[in-house]
>>> print(open('work.txt').read())   # compact mmCIF, C-alpha atoms and all ligand atoms
# COMPACT_ATOMS: atom_id res chain seq x y z
CA MET H 68 -7.77 10.31 4.80
CA ARG H 69 -7.22 10.90 1.08
CA ILE H 70 -3.66 10.07 -0.01
CA LEU H 71 -1.88 10.50 -3.35
CA VAL H 72 0.74 7.82 -4.12
CA THR H 73 3.21 8.54 -6.96
CA GLY H 74 4.88 5.54 -8.58
CA ALA H 75 1.71 3.66 -7.61
CA ALA H 76 1.96 0.97 -10.29
CA GLY H 77 5.53 0.05 -9.30
CA PHE H 78 6.84 -2.64 -7.00
CA ILE H 79 6.86 -0.72 -3.72
CA GLY H 80 4.20 1.87 -4.65
CA SER H 81 1.55 -0.76 -5.39
CA ASN H 82 2.23 -2.48 -2.07
CA VAL H 83 1.95 0.90 -0.31
CA CYS H 84 -1.43 1.50 -2.02
CA ASP H 85 -2.73 -1.88 -0.83
CA VAL H 86 -1.69 -1.25 2.79
CA LEU H 87 -3.19 2.27 2.84
CA LEU H 88 -6.45 1.00 1.32
CA GLY H 89 -6.46 -1.81 3.89
CA ASP H 90 -6.42 0.88 6.57
CA GLY H 91 -9.57 2.40 5.05
CA HIS H 92 -7.94 5.39 3.32
CA GLU H 93 -8.96 6.69 -0.08
CA VAL H 94 -6.02 6.46 -2.50
CA VAL H 95 -5.28 8.17 -5.80
CA GLY H 96 -2.40 6.52 -7.67
CA LEU H 97 -0.20 8.36 -10.18
CA ASP H 98 2.24 6.60 -12.50
CA ASP H 99 3.46 7.14 -16.06
CA LEU H 100 3.71 3.34 -16.49
CA SER H 101 7.30 3.69 -17.73
CA ARG H 102 8.13 0.70 -15.54
CA GLY H 103 5.07 0.01 -13.41
CA LYS H 104 2.24 -2.30 -14.41
CA LEU H 105 -1.51 -1.84 -14.08
CA GLU H 106 -1.82 -5.49 -13.03
CA ASN H 107 -0.05 -4.51 -9.78
CA LEU H 108 -3.11 -2.38 -9.00
CA ALA H 109 -5.78 -5.08 -9.43
CA ASP H 110 -6.30 -5.47 -5.66
CA ALA H 111 -6.35 -1.69 -5.19
CA ARG H 112 -9.00 -1.20 -7.88
CA ALA H 113 -11.18 -3.93 -6.35
CA THR H 114 -11.60 -1.88 -3.16
CA GLY H 115 -13.65 0.83 -4.93
CA ARG H 116 -11.63 3.47 -3.04
CA PHE H 117 -8.81 3.72 -5.55
CA SER H 118 -8.47 5.80 -8.70
CA PHE H 119 -5.58 6.01 -11.15
CA GLU H 120 -3.99 8.81 -13.18
CA GLN H 121 -1.39 8.15 -15.86
CA PHE H 122 1.14 10.90 -16.44
CA ASP H 123 4.69 11.98 -15.69
CA VAL H 124 5.40 13.38 -12.22
CA THR H 125 7.30 16.27 -13.85
CA ASP H 126 4.17 17.26 -15.85
CA PRO H 127 2.59 20.63 -14.90
CA ARG H 128 -0.75 18.76 -14.82
CA LEU H 129 0.35 17.46 -11.40
CA GLY H 130 -0.68 20.79 -9.85
CA GLU H 131 -4.17 20.46 -11.38
CA LEU H 132 -4.47 16.91 -10.09
CA VAL H 133 -3.49 17.88 -6.53
CA ALA H 134 -5.88 20.87 -6.67
CA ARG H 135 -8.74 18.61 -7.75
CA VAL H 136 -8.02 15.66 -5.42
CA ARG H 137 -6.88 17.71 -2.39
CA PRO H 138 -4.94 14.89 -0.72
CA GLU H 139 -4.02 15.30 2.92
CA ALA H 140 -0.76 13.41 2.40
CA ILE H 141 1.38 12.32 -0.56
CA CYS H 142 3.65 9.26 -0.66
CA HIS H 143 6.24 10.04 -3.33
CA LEU H 144 7.75 6.92 -4.86
CA ALA H 145 7.87 7.76 -8.59
CA ALA H 146 11.51 7.75 -9.64
CA GLN H 147 14.16 6.54 -12.01
CA ILE H 148 15.55 3.74 -9.81
CA ASP H 149 18.66 2.48 -11.64
CA VAL H 150 21.97 3.75 -10.20
CA ARG H 151 23.81 2.92 -13.44
CA VAL H 152 21.30 4.85 -15.56
CA SER H 153 21.95 7.85 -13.30
CA VAL H 154 25.68 7.55 -14.05
CA THR H 155 25.26 7.24 -17.82
CA ASP H 156 22.38 9.75 -18.10
CA PRO H 157 22.56 12.11 -15.11
CA LEU H 158 20.26 14.68 -16.73
CA LEU H 159 17.49 12.12 -17.14
CA ASP H 160 17.93 11.03 -13.51
CA ALA H 161 17.84 14.64 -12.24
CA ARG H 162 14.84 15.52 -14.42
CA LEU H 163 12.74 12.69 -13.00
CA ASN H 164 14.07 12.47 -9.47
CA VAL H 165 14.95 16.08 -8.61
CA LEU H 166 12.62 18.13 -10.82
CA GLY H 167 9.84 15.58 -10.25
CA THR H 168 10.18 16.12 -6.49
CA ILE H 169 10.19 19.91 -6.85
CA ASN H 170 7.09 19.74 -9.08
CA LEU H 171 5.39 17.65 -6.40
CA LEU H 172 6.41 20.03 -3.60
CA GLU H 173 5.13 23.04 -5.58
CA ALA H 174 1.80 21.27 -6.09
CA SER H 175 1.74 20.40 -2.38
CA ARG H 176 2.38 23.88 -1.03
CA SER H 177 -0.14 25.49 -3.40
CA ASN H 178 -2.89 23.12 -2.34
CA GLY H 179 -2.49 22.76 1.41
CA VAL H 180 -1.07 19.23 1.44
CA ARG H 181 -0.23 18.48 5.08
CA LYS H 182 2.60 16.01 4.54
CA VAL H 183 4.90 14.48 1.94
CA VAL H 184 6.47 11.08 2.66
CA PHE H 185 9.57 10.88 0.47
CA THR H 186 11.40 7.73 -0.63
CA SER H 187 15.15 8.00 -0.13
CA SER H 188 17.83 5.38 -0.50
CA GLY H 189 19.58 4.22 2.68
CA GLY H 190 21.67 1.90 0.52
CA SER H 191 23.31 4.76 -1.36
CA ILE H 192 23.07 8.20 0.30
CA TYR H 193 25.65 7.36 3.01
CA GLY H 194 28.24 6.32 0.41
CA THR H 195 30.74 3.94 2.03
CA PRO H 196 30.00 4.27 5.76
CA THR H 197 32.76 3.77 8.30
CA GLU H 198 30.49 1.88 10.70
CA LEU H 199 27.71 -0.65 10.10
CA PRO H 200 24.84 -0.70 10.61
CA VAL H 201 24.76 2.97 9.63
CA ASP H 202 22.33 5.32 11.40
CA GLU H 203 20.88 8.68 10.33
CA GLN H 204 23.63 10.66 12.09
CA ALA H 205 26.20 9.43 9.56
CA PRO H 206 27.23 12.00 6.95
CA VAL H 207 25.38 11.97 3.63
CA ARG H 208 28.06 11.22 1.02
CA PRO H 209 26.53 10.30 -2.33
CA GLU H 210 28.78 8.32 -4.69
CA SER H 211 26.33 8.32 -7.62
CA GLN H 212 24.05 10.81 -9.31
CA TYR H 213 21.07 8.71 -8.14
CA ALA H 214 22.15 9.12 -4.50
CA ALA H 215 22.83 12.83 -5.04
CA GLY H 216 19.30 13.23 -6.43
CA LYS H 217 17.79 11.53 -3.39
CA ALA H 218 19.87 13.72 -1.05
CA ALA H 219 18.75 16.79 -3.03
CA GLY H 220 15.13 15.73 -2.56
CA GLU H 221 15.61 15.84 1.21
CA LEU H 222 17.11 19.36 1.00
CA TYR H 223 14.07 20.56 -0.96
CA LEU H 224 11.74 18.95 1.60
CA ASN H 225 13.47 21.03 4.27
CA VAL H 226 13.01 24.20 2.23
CA TYR H 227 9.28 23.59 1.67
CA ALA H 228 8.79 22.85 5.36
CA ALA H 229 10.61 26.08 6.35
CA LEU H 230 8.95 28.35 3.76
CA TYR H 231 5.45 26.89 3.53
CA GLY H 232 4.99 24.48 6.45
CA VAL H 233 4.68 21.32 4.33
CA ALA H 234 5.53 18.49 6.76
CA TRP H 235 7.74 15.64 5.57
CA THR H 236 9.35 12.36 6.49
CA SER H 237 12.01 10.71 4.33
CA LEU H 238 12.13 6.92 4.46
CA ALA H 239 15.66 5.80 3.52
CA LEU H 240 15.10 2.26 2.34
CA ALA H 241 17.56 -0.63 2.35
CA ASN H 242 17.42 -3.24 -0.48
CA VAL H 243 13.74 -3.98 -0.84
CA TYR H 244 12.53 -7.39 -2.07
CA GLY H 245 9.20 -9.21 -2.26
CA PRO H 246 6.17 -9.81 -4.48
CA ARG H 247 5.79 -7.60 -7.60
CA GLN H 248 9.49 -6.82 -7.93
CA ASP H 249 10.38 -6.80 -11.62
CA PRO H 250 12.98 -9.46 -12.48
CA HIS H 251 13.83 -7.68 -15.75
CA GLY H 252 16.58 -5.11 -15.90
CA GLU H 253 19.27 -4.63 -13.30
CA ALA H 254 17.46 -3.91 -10.05
CA GLY H 255 16.20 -6.61 -7.72
CA VAL H 256 18.69 -9.44 -7.29
CA VAL H 257 16.14 -11.55 -5.39
CA ALA H 258 13.66 -11.36 -8.27
CA ILE H 259 16.43 -12.07 -10.81
CA PHE H 260 17.91 -15.10 -8.99
CA GLY H 261 14.44 -16.42 -8.09
CA THR H 262 13.06 -16.16 -11.62
CA ARG H 263 16.12 -17.67 -13.29
CA LEU H 264 16.41 -20.54 -10.81
CA LEU H 265 12.71 -21.39 -11.20
CA GLN H 266 13.14 -21.32 -15.00
CA GLY H 267 16.22 -23.57 -14.83
CA LYS H 268 18.41 -20.80 -16.28
CA PRO H 269 22.00 -20.06 -15.17
CA THR H 270 22.69 -17.36 -12.59
CA LYS H 271 25.62 -14.99 -12.25
CA ILE H 272 27.27 -13.26 -9.27
CA PHE H 273 29.45 -10.22 -9.96
CA GLY H 274 32.53 -10.25 -7.73
CA ASP H 275 33.59 -12.90 -5.20
CA GLY H 276 30.18 -13.15 -3.51
CA THR H 277 31.27 -11.56 -0.23
CA SER H 278 29.58 -8.18 -0.75
CA THR H 279 26.64 -7.69 1.59
CA ARG H 280 23.29 -5.94 1.50
CA ASP H 281 20.48 -5.37 3.99
CA TYR H 282 17.35 -7.00 2.53
CA VAL H 283 14.04 -5.64 3.81
CA HIS H 284 10.67 -7.12 2.81
CA VAL H 285 8.28 -4.87 0.90
CA ALA H 286 5.49 -5.52 3.43
CA ASP H 287 7.69 -4.04 6.16
CA VAL H 288 8.46 -1.05 3.92
CA ALA H 289 4.75 -0.48 3.18
CA ASP H 290 4.10 -0.62 6.93
CA ALA H 291 6.59 2.25 7.41
CA PHE H 292 4.68 4.39 4.87
CA ARG H 293 1.36 3.66 6.59
CA ARG H 294 2.82 4.87 9.89
CA ALA H 295 4.59 7.90 8.40
CA VAL H 296 1.41 9.43 6.87
CA GLN H 297 -0.18 9.79 10.31
CA PRO H 298 -0.40 13.36 11.68
CA GLY H 299 2.73 14.33 13.61
CA ALA H 300 4.59 11.10 12.82
CA ALA H 301 8.35 11.82 12.55
CA ASP H 302 7.88 15.21 10.91
CA GLY H 303 11.09 16.65 9.45
CA MET H 304 13.09 13.45 9.87
CA ARG H 305 14.90 10.93 7.71
CA LEU H 306 14.33 7.40 9.01
CA ASN H 307 16.31 4.36 7.86
CA ILE H 308 14.12 1.39 6.97
CA GLY H 309 16.18 -1.79 7.05
CA THR H 310 16.85 -4.86 9.15
CA GLY H 311 20.39 -4.07 10.35
CA ARG H 312 21.36 -7.54 9.14
CA GLN H 313 23.88 -8.11 6.35
CA THR H 314 23.46 -10.98 3.92
CA ASP H 315 26.26 -11.67 1.44
CA VAL H 316 25.23 -12.32 -2.14
CA ARG H 317 26.63 -15.86 -2.17
CA THR H 318 24.51 -16.79 0.89
CA LEU H 319 21.51 -15.07 -0.68
CA HIS H 320 21.93 -17.29 -3.74
CA THR H 321 22.07 -20.42 -1.55
CA LEU H 322 18.89 -19.42 0.29
CA ILE H 323 16.99 -18.72 -2.94
CA ALA H 324 18.28 -21.88 -4.66
CA ARG H 325 17.07 -23.91 -1.69
CA THR H 326 13.55 -22.49 -1.73
CA ALA H 327 13.34 -22.57 -5.56
CA SER H 328 14.75 -26.15 -5.67
CA GLY H 329 17.37 -24.96 -8.15
CA PRO H 330 21.13 -25.58 -8.39
CA ASP H 331 23.29 -23.47 -6.07
CA GLU H 332 25.94 -23.06 -8.76
CA PRO H 333 26.19 -19.42 -9.83
CA GLU H 334 28.79 -18.34 -12.37
CA MET H 335 31.25 -15.97 -10.66
CA ALA H 336 31.88 -12.94 -12.91
CA GLU H 337 34.13 -9.86 -12.74
CA PRO H 338 33.01 -7.34 -10.08
CA ARG H 339 31.12 -4.32 -11.39
CA ALA H 340 32.73 -0.93 -10.93
CA GLY H 341 31.34 1.35 -8.27
CA GLU H 342 29.42 -1.22 -6.23
CA LEU H 343 29.50 -1.00 -2.42
CA GLN H 344 31.20 -3.83 -0.54
CA ALA H 345 28.86 -3.75 2.46
CA ILE H 346 25.79 -1.94 3.78
CA ALA H 347 23.27 -2.38 6.58
CA LEU H 348 20.93 0.18 8.11
CA ASP H 349 20.24 0.89 11.77
CA ALA H 350 16.47 1.45 11.96
CA GLY H 351 16.38 2.32 15.66
CA ALA H 352 14.96 5.79 14.92
CA ALA H 353 12.03 4.30 12.92
CA GLU H 354 11.32 2.00 15.88
CA ARG H 355 11.29 4.92 18.30
CA GLU H 356 9.48 7.45 16.10
CA LEU H 357 7.00 5.27 14.24
CA GLY H 358 6.75 2.16 16.44
CA TRP H 359 7.93 0.31 13.31
CA SER H 360 9.79 -3.00 13.51
CA VAL H 361 10.95 -5.72 11.14
CA GLN H 362 8.32 -8.45 10.82
CA TRP H 363 9.81 -10.47 7.96
CA GLN H 364 13.04 -12.41 8.48
CA ILE H 365 14.87 -13.03 5.24
CA GLU H 366 14.41 -16.82 5.13
CA ASP H 367 10.59 -16.53 5.37
CA GLY H 368 10.50 -13.52 3.07
CA LEU H 369 12.51 -15.30 0.37
CA ALA H 370 10.28 -18.39 0.57
CA GLN H 371 7.15 -16.23 0.20
CA THR H 372 8.70 -14.28 -2.69
CA VAL H 373 9.76 -17.43 -4.56
CA ASP H 374 6.22 -18.82 -4.09
CA TRP H 375 4.85 -15.63 -5.63
CA LEU H 376 7.34 -15.78 -8.54
CA ARG H 377 6.29 -19.41 -9.14
CA THR H 378 2.65 -18.36 -9.59
CA LYS H 379 3.73 -15.75 -12.16
CA LEU H 380 5.75 -18.11 -14.39
N1 LIG H 401 13.68 -1.22 -4.66
C1 LIG H 401 14.58 -0.80 -3.75
O1 LIG H 401 15.36 -1.59 -3.23
C2 LIG H 401 14.63 0.66 -3.36
C3 LIG H 401 15.56 1.06 -2.39
C4 LIG H 401 15.63 2.40 -2.00
C5 LIG H 401 14.74 3.31 -2.55
N2 LIG H 401 13.85 2.91 -3.50
C6 LIG H 401 12.94 3.92 -4.05
O2 LIG H 401 11.62 3.42 -3.94
C7 LIG H 401 10.81 4.00 -4.97
C8 LIG H 401 10.04 2.91 -5.70
O3 LIG H 401 10.98 2.02 -6.30
P1 LIG H 401 10.58 0.56 -6.83
O4 LIG H 401 11.67 -0.37 -6.44
O5 LIG H 401 9.18 0.25 -6.46
O6 LIG H 401 10.72 0.76 -8.39
P2 LIG H 401 9.63 0.69 -9.57
O7 LIG H 401 10.36 1.03 -10.84
O8 LIG H 401 8.89 -0.59 -9.52
O9 LIG H 401 8.65 1.88 -9.17
C9 LIG H 401 8.80 3.19 -9.62
C10 LIG H 401 7.51 3.59 -10.30
O10 LIG H 401 7.58 4.95 -10.70
C11 LIG H 401 7.07 5.08 -11.99
N3 LIG H 401 7.72 6.24 -12.58
C12 LIG H 401 9.01 6.36 -12.96
N4 LIG H 401 9.23 7.58 -13.46
C13 LIG H 401 8.06 8.25 -13.37
C14 LIG H 401 7.65 9.57 -13.73
N5 LIG H 401 8.51 10.44 -14.26
N6 LIG H 401 6.36 9.92 -13.51
C15 LIG H 401 5.47 9.04 -12.97
N7 LIG H 401 5.80 7.79 -12.62
C16 LIG H 401 7.09 7.41 -12.82
C17 LIG H 401 7.40 3.78 -12.70
O11 LIG H 401 6.55 3.50 -13.80
C18 LIG H 401 7.23 2.77 -11.56
O12 LIG H 401 5.91 2.27 -11.54
C19 LIG H 401 11.75 4.81 -5.85
O13 LIG H 401 11.70 6.16 -5.44
C20 LIG H 401 13.12 4.23 -5.52
O14 LIG H 401 14.16 5.16 -5.75
C21 LIG H 401 13.77 1.61 -3.92
>>> encode(input="work.txt", output="structure tokens", more="lines below")
Ligand SMILES: NC(=O)c1ccc[n+]([C@@H]2O[C@H](COP(=O)([O-])OP(=O)(O)OC[C@H]3O[C@@H](n4cnc5c(N)ncnc54)[C@H](O)[C@@H]3O)[C@@H](O)[C@H]2O)c1
Amino acid sequence: MRILVTGAAGFIGSNVCDVLLGDGHEVVGLDDLSRGKLENLADARATGRFSFEQFDVTDPRLGELVARVRPEAICHLAAQIDVRVSVTDPLLDARLNVLGTINLLEASRSNGVRKVVFTSSGGSIYGTPTELPVDEQAPVRPESQYAAGKAAGELYLNVYAALYGVAWTSLALANVYGPRQDPHGEAGVVAIFGTRLLQGKPTKIFGDGTSTRDYVHVADVADAFRRAVQPGAADGMRLNIGTGRQTDVRTLHTLIARTASGPDEPEMAEPRAGELQAIALDAGAAERELGWSVQWQIEDGLAQTVDWLRTKL
């Protein structure tokens, strides 16, 4: 089928493009290159079944693009991804993440798009859950504007399904890591630790190192997108995509230091305000609905990611 991927030049989006192309689909990638890189799309371009459009997902030209391309499905990954940016500049976050999603849904309903696969955030929309791993029945309790924007996106998906019959699945991702994650900026602790340890630079942990996250490999995430675009797959559902396993940040540092042959001696800094103490996602629904399962255990995934970072330095 023909599939439009927004945020195609980014970390996860480019991996999604590669997996969809590997399945024989035709893919059109959209990205404004505010963060993504064209080099992430080298493999996609080599297939001859990929084309690229550079503009903002909030741009009215999106409707023209969807009318011309007529994709059967859209994987929507373009977003402002930094929780702290959403707190300091909530209007920017809402413009890109909420209005961008509405613009995409308008383009979809006007042009007969069958399905939108949305990218939500399992690590933030549930707030501070009472039980871990958290499943999709838990209440949605955003504690940041970023999380509120993702939750809003799901509400709009429901509206467009009810009014116009646009099918949707929302993939609520845990902490994603793997090749192509940008080590610059604040997101992506695996890429940051890995790059700094390989470069012989000091590393820093905020807090006492006991806070935990659920780290899911980008190949497993891309596999969930490939399954979700199929006709009838988990229509109208949010599915958590995570491993259910918690890894504390101090242990994560030890694992990365080991594979990068660097010192396991992070500086311990003051905790940062507003960060969750613990999160892990129950992905049982994705297993049942999509036949999805975790293929990458964290030890193997970290070794593969550090190998990739090594080739980039
Ligand atoms: N990385 C994670 O752990 C994680 C976890 C949960 C959800 N997500 C979601 O996954 C998606 C992809 O995130 P990522 O980690 O690959 O980040 P990323 O920054 O690498 O990818 C986002 C891409 O979107 C593009 N983009 C941003 N604003 C745009 C706009 N207005 N118009 C067009 N393109 C725009 C960027 O240039 C970038 O290429 C996002 O929706 C993010 O919220 C990521």
>>> closest_atom_pairs(input="work.txt", of="chain H", to="ligand LIG 401 (chain H)", cutoff="6 Å", atoms="all atoms listed in the file", output="tab-separated table")
residue	atom	partner	partner_atom	distance
H:Gly74	CA	H:LIG401	O10	3.5
H:Ala75	CA	H:LIG401	O12	5.9
H:Ala76	CA	H:LIG401	O12	4.3
H:Gly77	CA	H:LIG401	O12	3.2
H:Phe78	CA	H:LIG401	O5	3.8
H:Ile79	CA	H:LIG401	O5	3.7
H:Gly80	CA	H:LIG401	O5	5.5
H:Asp98	CA	H:LIG401	N7	3.8
H:Asp99	CA	H:LIG401	C15	4.1
H:Leu100	CA	H:LIG401	O11	3.9
H:Ser101	CA	H:LIG401	O11	4.0
H:Arg102	CA	H:LIG401	O11	3.7
H:Gly103	CA	H:LIG401	O12	3.1
H:Phe122	CA	H:LIG401	C15	5.9
H:Asp123	CA	H:LIG401	N6	3.4
H:Val124	CA	H:LIG401	N6	3.8
H:Thr125	CA	H:LIG401	N5	6.0
H:Leu144	CA	H:LIG401	O13	4.1
H:Ala145	CA	H:LIG401	O10	3.5
H:Ala146	CA	H:LIG401	C12	4.4
H:Gln147	CA	H:LIG401	C12	5.2
H:Ile148	CA	H:LIG401	O14	4.5
H:Leu163	CA	H:LIG401	N5	5.0
H:Thr186	CA	H:LIG401	O13	5.1
H:Ser187	CA	H:LIG401	C5	5.3
H:Ser188	CA	H:LIG401	C4	4.0
H:Leu240	CA	H:LIG401	C4	4.4
H:Ala241	CA	H:LIG401	C3	5.4
H:Asn242	CA	H:LIG401	O1	3.8
H:Val243	CA	H:LIG401	O1	3.7
>>> residues_around(input="work.txt", residues="Pro209 in chain H", least_positions_apart="6", cutoff="12 Å", atoms="all atoms listed in the file", output="list in words")
Val150, Ser187, Ser188, Gly189, Gly190, Ser191, Ile192, Tyr193, Gly194, Thr195, Pro196, Ala215, Gly216, Lys217, Ala218, Ala219, Gly341 and Leu343 of chain H
>>> closest_residue(input="work.txt", among="H:Leu71, H:Val165, H:Ala229, H:Ala113", to="Ala214 in chain H", atoms="only C-alpha atoms")
H:Val165
>>> closest_residue(input="work.txt", among="H:Thr310, H:Ser118, H:Asn82, H:Thr262", to="Glu354 in chain H", atoms="only C-alpha atoms")
H:Thr310
>>> atom_distance(input="work.txt", atom1="CA of Glu93 in chain H", atom2="CA of Asp287 in chain H")
20.8 Å
>>> residues_around(input="work.txt", residues="Pro298 in chain H", least_positions_apart="4", cutoff="12 Å", atoms="only C-alpha atoms", output="list in words")
Met68, Glu139, Ala140, Val180, Arg181, Lys182, Val183, Val184, Val233, Ala234, Trp235, Thr236, Arg293, Arg294, Asp302 and Leu357 of chain H
>>> closest_residue(input="work.txt", among="H:Leu380, H:Val257, H:Val296, H:Val288", to="His320 in chain H", atoms="all atoms listed in the file")
H:Val257
>>> residues_around(input="work.txt", residues="His92 in chain H", least_positions_apart="4", cutoff="8 Å", atoms="only C-alpha atoms", output="list in words")
Met68, Arg69, Ile70, Leu87, Leu88 and Arg116 of chain H
>>> write_last_selection(input="work.txt", atoms="C-alpha atoms", output="compact mmCIF listing (two decimals), keeping the file's coordinate frame")
# COMPACT_ATOMS: atom_id res chain seq x y z
CA MET H 68 -7.77 10.31 4.80
CA ARG H 69 -7.22 10.90 1.08
CA ILE H 70 -3.66 10.07 -0.01
CA LEU H 87 -3.19 2.27 2.84
CA LEU H 88 -6.45 1.00 1.32
CA ARG H 116 -11.63 3.47 -3.04
>>> closest_residue(input="work.txt", among="H:Gln248, H:Asn170, H:Ser177, H:Ser153", to="Pro138 in chain H", atoms="all atoms listed in the file")
H:Ser177
>>> atom_distance(input="work.txt", atom1="CA of Gln313 in chain H", atom2="CA of Thr279 in chain H")
5.5 Å
>>> atom_distance(input="work.txt", atom1="CA of Asp374 in chain H", atom2="CA of Phe292 in chain H")
24.9 Å
>>> decode(input="work.txt", residues="range 102-114 of chain H", atoms="N, CA and C atoms", output="PDB file, in the first residue's frame")
ATOM      1  N   ARG H 102      14.482  18.859  13.311  1.00  0.00           N
ATOM      2  CA  ARG H 102      15.360  17.995  14.110  1.00  0.00           C
ATOM      3  C   ARG H 102      15.873  16.798  13.305  1.00  0.00           C
ATOM      4  N   GLY H 103      15.069  16.328  12.387  1.00  0.00           N
ATOM      5  CA  GLY H 103      15.445  15.125  11.635  1.00  0.00           C
ATOM      6  C   GLY H 103      16.572  15.399  10.657  1.00  0.00           C
ATOM      7  N   LYS H 104      17.152  14.326  10.139  1.00  0.00           N
ATOM      8  CA  LYS H 104      18.283  14.465   9.213  1.00  0.00           C
ATOM      9  C   LYS H 104      18.024  13.635   7.959  1.00  0.00           C
ATOM     10  N   LEU H 105      18.374  14.225   6.804  1.00  0.00           N
ATOM     11  CA  LEU H 105      18.191  13.488   5.549  1.00  0.00           C
ATOM     12  C   LEU H 105      19.039  12.227   5.517  1.00  0.00           C
ATOM     13  N   GLU H 106      20.190  12.242   6.201  1.00  0.00           N
ATOM     14  CA  GLU H 106      21.054  11.049   6.168  1.00  0.00           C
ATOM     15  C   GLU H 106      20.336   9.828   6.771  1.00  0.00           C
ATOM     16  N   ASN H 107      19.343  10.067   7.639  1.00  0.00           N
ATOM     17  CA  ASN H 107      18.569   8.949   8.194  1.00  0.00           C
ATOM     18  C   ASN H 107      17.742   8.240   7.124  1.00  0.00           C
ATOM     19  N   LEU H 108      17.564   8.919   5.973  1.00  0.00           N
ATOM     20  CA  LEU H 108      16.701   8.379   4.921  1.00  0.00           C
ATOM     21  C   LEU H 108      17.484   7.785   3.757  1.00  0.00           C
ATOM     22  N   ALA H 109      18.789   7.611   3.932  1.00  0.00           N
ATOM     23  CA  ALA H 109      19.627   7.095   2.830  1.00  0.00           C
ATOM     24  C   ALA H 109      19.145   5.700   2.399  1.00  0.00           C
ATOM     25  N   ASP H 110      18.880   4.821   3.352  1.00  0.00           N
ATOM     26  CA  ASP H 110      18.429   3.463   3.008  1.00  0.00           C
ATOM     27  C   ASP H 110      17.065   3.516   2.322  1.00  0.00           C
ATOM     28  N   ALA H 111      16.193   4.391   2.831  1.00  0.00           N
ATOM     29  CA  ALA H 111      14.846   4.521   2.254  1.00  0.00           C
ATOM     30  C   ALA H 111      14.935   4.969   0.799  1.00  0.00           C
ATOM     31  N   ARG H 112      15.757   5.979   0.533  1.00  0.00           N
ATOM     32  CA  ARG H 112      15.879   6.498  -0.835  1.00  0.00           C
ATOM     33  C   ARG H 112      16.416   5.428  -1.783  1.00  0.00           C
ATOM     34  N   ALA H 113      17.303   4.574  -1.280  1.00  0.00           N
ATOM     35  CA  ALA H 113      17.933   3.559  -2.133  1.00  0.00           C
ATOM     36  C   ALA H 113      16.935   2.527  -2.645  1.00  0.00           C
ATOM     37  N   THR H 114      15.761   2.439  -2.020  1.00  0.00           N
ATOM     38  CA  THR H 114      14.787   1.430  -2.455  1.00  0.00           C
ATOM     39  C   THR H 114      14.099   1.823  -3.768  1.00  0.00           C
TER      40      THR H 114
END
